[in-house]
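Report on one structure; see the data block that follows.
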Amino acid sequence: MRILIVNKFLYPNGGSETYIFKIGQQLQKMGHEVQYFGMEHENRIVGNRVESYTRNMNLKDMKLNKILYPFQIIYSSEARKKIRLVLDDFQPDVVHLNNFNFQLTPSILYEIRKYEKQTGRHVRILYTAHDSQLVCPNHLMQNPITGQRCTKCMEKNAWCCVQGKCIHGSTVQSILAAFEHTLYRNLKTYRRIDQIICPSQFMQERLATDSVLKPRLILLRNFADMETSDGSQKKDYVFYFGRYSEEKGIRTLLKVCRNLPEIPFVFAGSGDLENLVNAAPNVENVGFLSGEALSRKIAEARFTIFPSECYENCPFSVMESVLNATPVIGTNAGGVPELIEEGKTGELFEAGNEEELTQKVKALWQDRKRCEKYAENCKTVHFDTLEEYCEKLCGLYKGE
């Protein structure tokens, strides 16, 4: 098969980029042809044969004097023209969409179907829902100002986004996002997608609130393609790894660290709240880790903590911990409870609840036998490998 993978960013930037690079590599190993379409960027590492990409757009720096920006994030004639060049050259059997709203815009869906009609070549369109973008204009279901989780746009309408200034705390950007969301929902644009892959049951349920999306949804959890550290001896520390930011629950976790001065914590990552991490007396900040170094640090921890306060989808971090036979204390929000068997491979707590998390951490730290039992249980858990995942993905590509 010829597979065109679409994502706004074609350079390492987050979880969705890790996803598209890994599936692309595996699909090529399986004998398929793979090309990519997205924005041009100096750090771009994948692409297409005709070198056709849209201009880079940074919405966080959007100014009112950039007159065309408001129109370009809703409808992009540039994206339509650029993707058409790739379609005409590559002639894909499948277009696999990932993050495309705002920078590439849903207008590319019209061009794909136009290409199909004009050439007579059937193109199957799939979309992986890495977040809740199709039902929530700010895609996180969380107000950036208050930090509160929110589902108002699903329960009422997208204009709740404006009331909450949900796009970077900006009224102007929130109006544009609400308009974009309302426009494409009313046009039923997403009917042009054949199937929507939901990495968690939580995401499937949220997207199912939209009648156009509901019949297209299928549950396919993320793959676990990571190095694991076998037979590591546990050491005396509790581990957090990830971004040091508000939505990841770092501020709450640091309060817990201060409540438990007798417990050593190790943090691996980077982010806006790094100064707070460095100021905590019983926290060792080892910076960003990856590969074998990260796996070893996970495997040697008594347990890890996943304190995210936004609705996570199917977080790789939790899967990494379990696969390294390290129990997890995680939030009971989003798709996290689907990855942790409470009382078997870890514990759950109410997101943002400092008191409950303090109690959970203290109790598990003091009960070494329970930690060891959880670790043994983790060894029996199976997540799809990249190879297994891509086999299932190819079935979806074929419409099976």
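Every chain in the structure tokens has a letter given in the order shown (A, B, ...), and although residue numbers restart at 1 in each chain, ligands are simply numbered from 1 in the order shown.
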Region 96-210 of chain A residues near region 38-50 of chain A within 12 Å, closest pair each, using only C-alpha atoms, as a tab-separated table:
```
residue	atom	partner	partner_atom	distance
A:His96	CA	A:Gly38	CA	12.0
A:Leu97	CA	A:Gly38	CA	10.2
A:Asn98	CA	A:Gly38	CA	10.1
A:Asn99	CA	A:Gly38	CA	9.4
A:Phe100	CA	A:Gly38	CA	8.1
A:Asn101	CA	A:Gly38	CA	11.1
A:Phe102	CA	A:Met39	CA	11.5
A:Gln103	CA	A:Met39	CA	7.8
A:Leu104	CA	A:Gly38	CA	7.1
A:Thr105	CA	A:Gly38	CA	10.7
A:Ile108	CA	A:Gly38	CA	10.9
```
* **Those in region 27-186 of chain A with alpha helix (DSSP H) from DSSP, as an NGL selection string** => :A and (27-29 or 69-72 or 77-90 or 107-119 or 152-155 or 160-163 or 171-186)
* **From A:Asn157, A:Gln118, A:Thr228, A:Asn58, residue lying nearest Leu87 (chain A) [only C-alpha atoms]** => A:Gln118
* Asked: With only C-alpha atoms as the atoms that count, which of A:Glu391, A:Glu155, A:Asp89, A:Glu262 lies nearest to Leu220 (chain A)?
  -> A:Glu391
* Using only C-alpha atoms: which of A:Gly164, A:Gly269, A:Pro327, A:Pro137 has the shortest distance to Glu372 (chain A) ->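 Using only C-alpha atoms, Glu372 (chain A) sits closest to A:Pro327.
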* Name the residues in contact with Thr252 (chain A) at a cut-off of 8 Å, using only C-alpha atoms, excluding same-chain residues fewer than 5 positions from it; report them as an MDAnalysis selection string. => chainID A and resid 307 352:354
Based on the selection just made, write C-alpha atoms of those residues as a PDB file, in the first residue's frame.
```pdb
ATOM      1  CA  PRO A 307      -0.082  13.176  38.480  1.00  0.00           C
ATOM      2  CA  GLY A 352      -5.200  17.487  41.875  1.00  0.00           C
ATOM      3  CA  ASN A 353      -5.988  16.057  45.323  1.00  0.00           C
ATOM      4  CA  GLU A 354      -2.809  16.771  47.284  1.00  0.00           C
TER       5      GLU A 354
END
```
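Proximity to Gly346 (chain A) was assessed for A:Ser170, A:Asn222, A:Ser317, A:Asn377 counting only C-alpha atoms; the smallest distance is recorded for A:Asn377.
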* **Residues within 9 Å of Met203 (chain A), only C-alpha atoms, excluding chain neighbours under 5 positions, as number ranges by chain** => A: 129-132, 198, 208, 219, 312-314, 334-335
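Closest to Lys255 (chain A) among A:Glu338, A:Glu355, A:Asp194, A:Glu300 is A:Glu355, based on only C-alpha atoms.
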* as a VMD selection string, list the residues of region 7-214 of chain A assigned to strand (DSSP E or B) by DSSP on the backbone atoms of this structure. => chain A and resid 33 to 37 39 54 94 to 97 124 to 128 142 149 195 to 198
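Our summary of the geometry notes that CA of Met226 (chain A) is positioned 8.9 Å from CA of Glu292 (chain A).
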* Write out as number ranges by chain the residues lying within 10 Å of Leu213 (chain A), counting only C-alpha atoms and excluding same-chain residues fewer than 3 positions away. => A: 134-135, 185, 188, 190-191, 193-196, 204, 207-210, 216-217
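Among the candidates A:Met154, A:Val172, A:Val381, A:Ile20, the one nearest to Leu4 (chain A) when counting only C-alpha atoms is A:Ile20.
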List the spatial neighbours of Trp365 (chain A) as a PDB file with N, CA and C atoms, in the first residue's frame - criterion: any atom at most 10 Å away, only C-alpha atoms, same-chain residues fewer than 3 positions off excluded.
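This is the output file result-v9.pdb:
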```pdb
ATOM      1  N   ASP A 236      15.855   3.006  46.385  1.00  0.00           N
ATOM      2  CA  ASP A 236      14.953   3.748  47.267  1.00  0.00           C
ATOM      3  C   ASP A 236      14.685   5.170  46.762  1.00  0.00           C
ATOM      4  N   TYR A 237      13.803   5.264  45.780  1.00  0.00           N
ATOM      5  CA  TYR A 237      13.317   6.576  45.352  1.00  0.00           C
ATOM      6  C   TYR A 237      11.988   6.403  44.614  1.00  0.00           C
ATOM      7  N   VAL A 238      11.234   7.491  44.584  1.00  0.00           N
ATOM      8  CA  VAL A 238       9.986   7.553  43.828  1.00  0.00           C
ATOM      9  C   VAL A 238      10.271   8.399  42.593  1.00  0.00           C
ATOM     10  N   ILE A 263      10.989  10.943  52.163  1.00  0.00           N
ATOM     11  CA  ILE A 263      11.012  10.133  50.939  1.00  0.00           C
ATOM     12  C   ILE A 263      11.816  10.848  49.855  1.00  0.00           C
ATOM     13  N   ARG A 302      11.101   2.464  43.138  1.00  0.00           N
ATOM     14  CA  ARG A 302      10.100   1.678  43.887  1.00  0.00           C
ATOM     15  C   ARG A 302       8.757   1.753  43.164  1.00  0.00           C
ATOM     16  N   PHE A 303       8.385   2.976  42.785  1.00  0.00           N
ATOM     17  CA  PHE A 303       7.183   3.185  41.980  1.00  0.00           C
ATOM     18  C   PHE A 303       7.266   4.559  41.333  1.00  0.00           C
ATOM     19  N   GLN A 359      -1.246  10.628  50.947  1.00  0.00           N
ATOM     20  CA  GLN A 359      -1.565   9.389  51.670  1.00  0.00           C
ATOM     21  C   GLN A 359      -1.188   8.152  50.861  1.00  0.00           C
ATOM     22  N   LYS A 360      -1.478   8.180  49.563  1.00  0.00           N
ATOM     23  CA  LYS A 360      -1.172   7.032  48.699  1.00  0.00           C
ATOM     24  C   LYS A 360       0.335   6.799  48.605  1.00  0.00           C
ATOM     25  N   VAL A 361       1.085   7.877  48.419  1.00  0.00           N
ATOM     26  CA  VAL A 361       2.543   7.758  48.294  1.00  0.00           C
ATOM     27  C   VAL A 361       3.146   7.243  49.594  1.00  0.00           C
ATOM     28  N   LYS A 362       2.707   7.812  50.707  1.00  0.00           N
ATOM     29  CA  LYS A 362       3.241   7.407  52.009  1.00  0.00           C
ATOM     30  C   LYS A 362       2.947   5.934  52.294  1.00  0.00           C
ATOM     31  N   ARG A 368       6.708  -2.176  51.534  1.00  0.00           N
ATOM     32  CA  ARG A 368       7.611  -2.693  50.505  1.00  0.00           C
ATOM     33  C   ARG A 368       7.058  -3.970  49.855  1.00  0.00           C
ATOM     34  N   LYS A 369       6.413  -4.828  50.671  1.00  0.00           N
ATOM     35  CA  LYS A 369       5.881  -6.079  50.127  1.00  0.00           C
ATOM     36  C   LYS A 369       4.791  -5.817  49.088  1.00  0.00           C
ATOM     37  N   ARG A 370       3.959  -4.824  49.368  1.00  0.00           N
ATOM     38  CA  ARG A 370       2.911  -4.491  48.395  1.00  0.00           C
ATOM     39  C   ARG A 370       3.535  -3.963  47.104  1.00  0.00           C
ATOM     40  N   CYS A 371       4.583  -3.170  47.245  1.00  0.00           N
ATOM     41  CA  CYS A 371       5.315  -2.669  46.072  1.00  0.00           C
ATOM     42  C   CYS A 371       5.846  -3.828  45.236  1.00  0.00           C
TER      43      CYS A 371
END
```
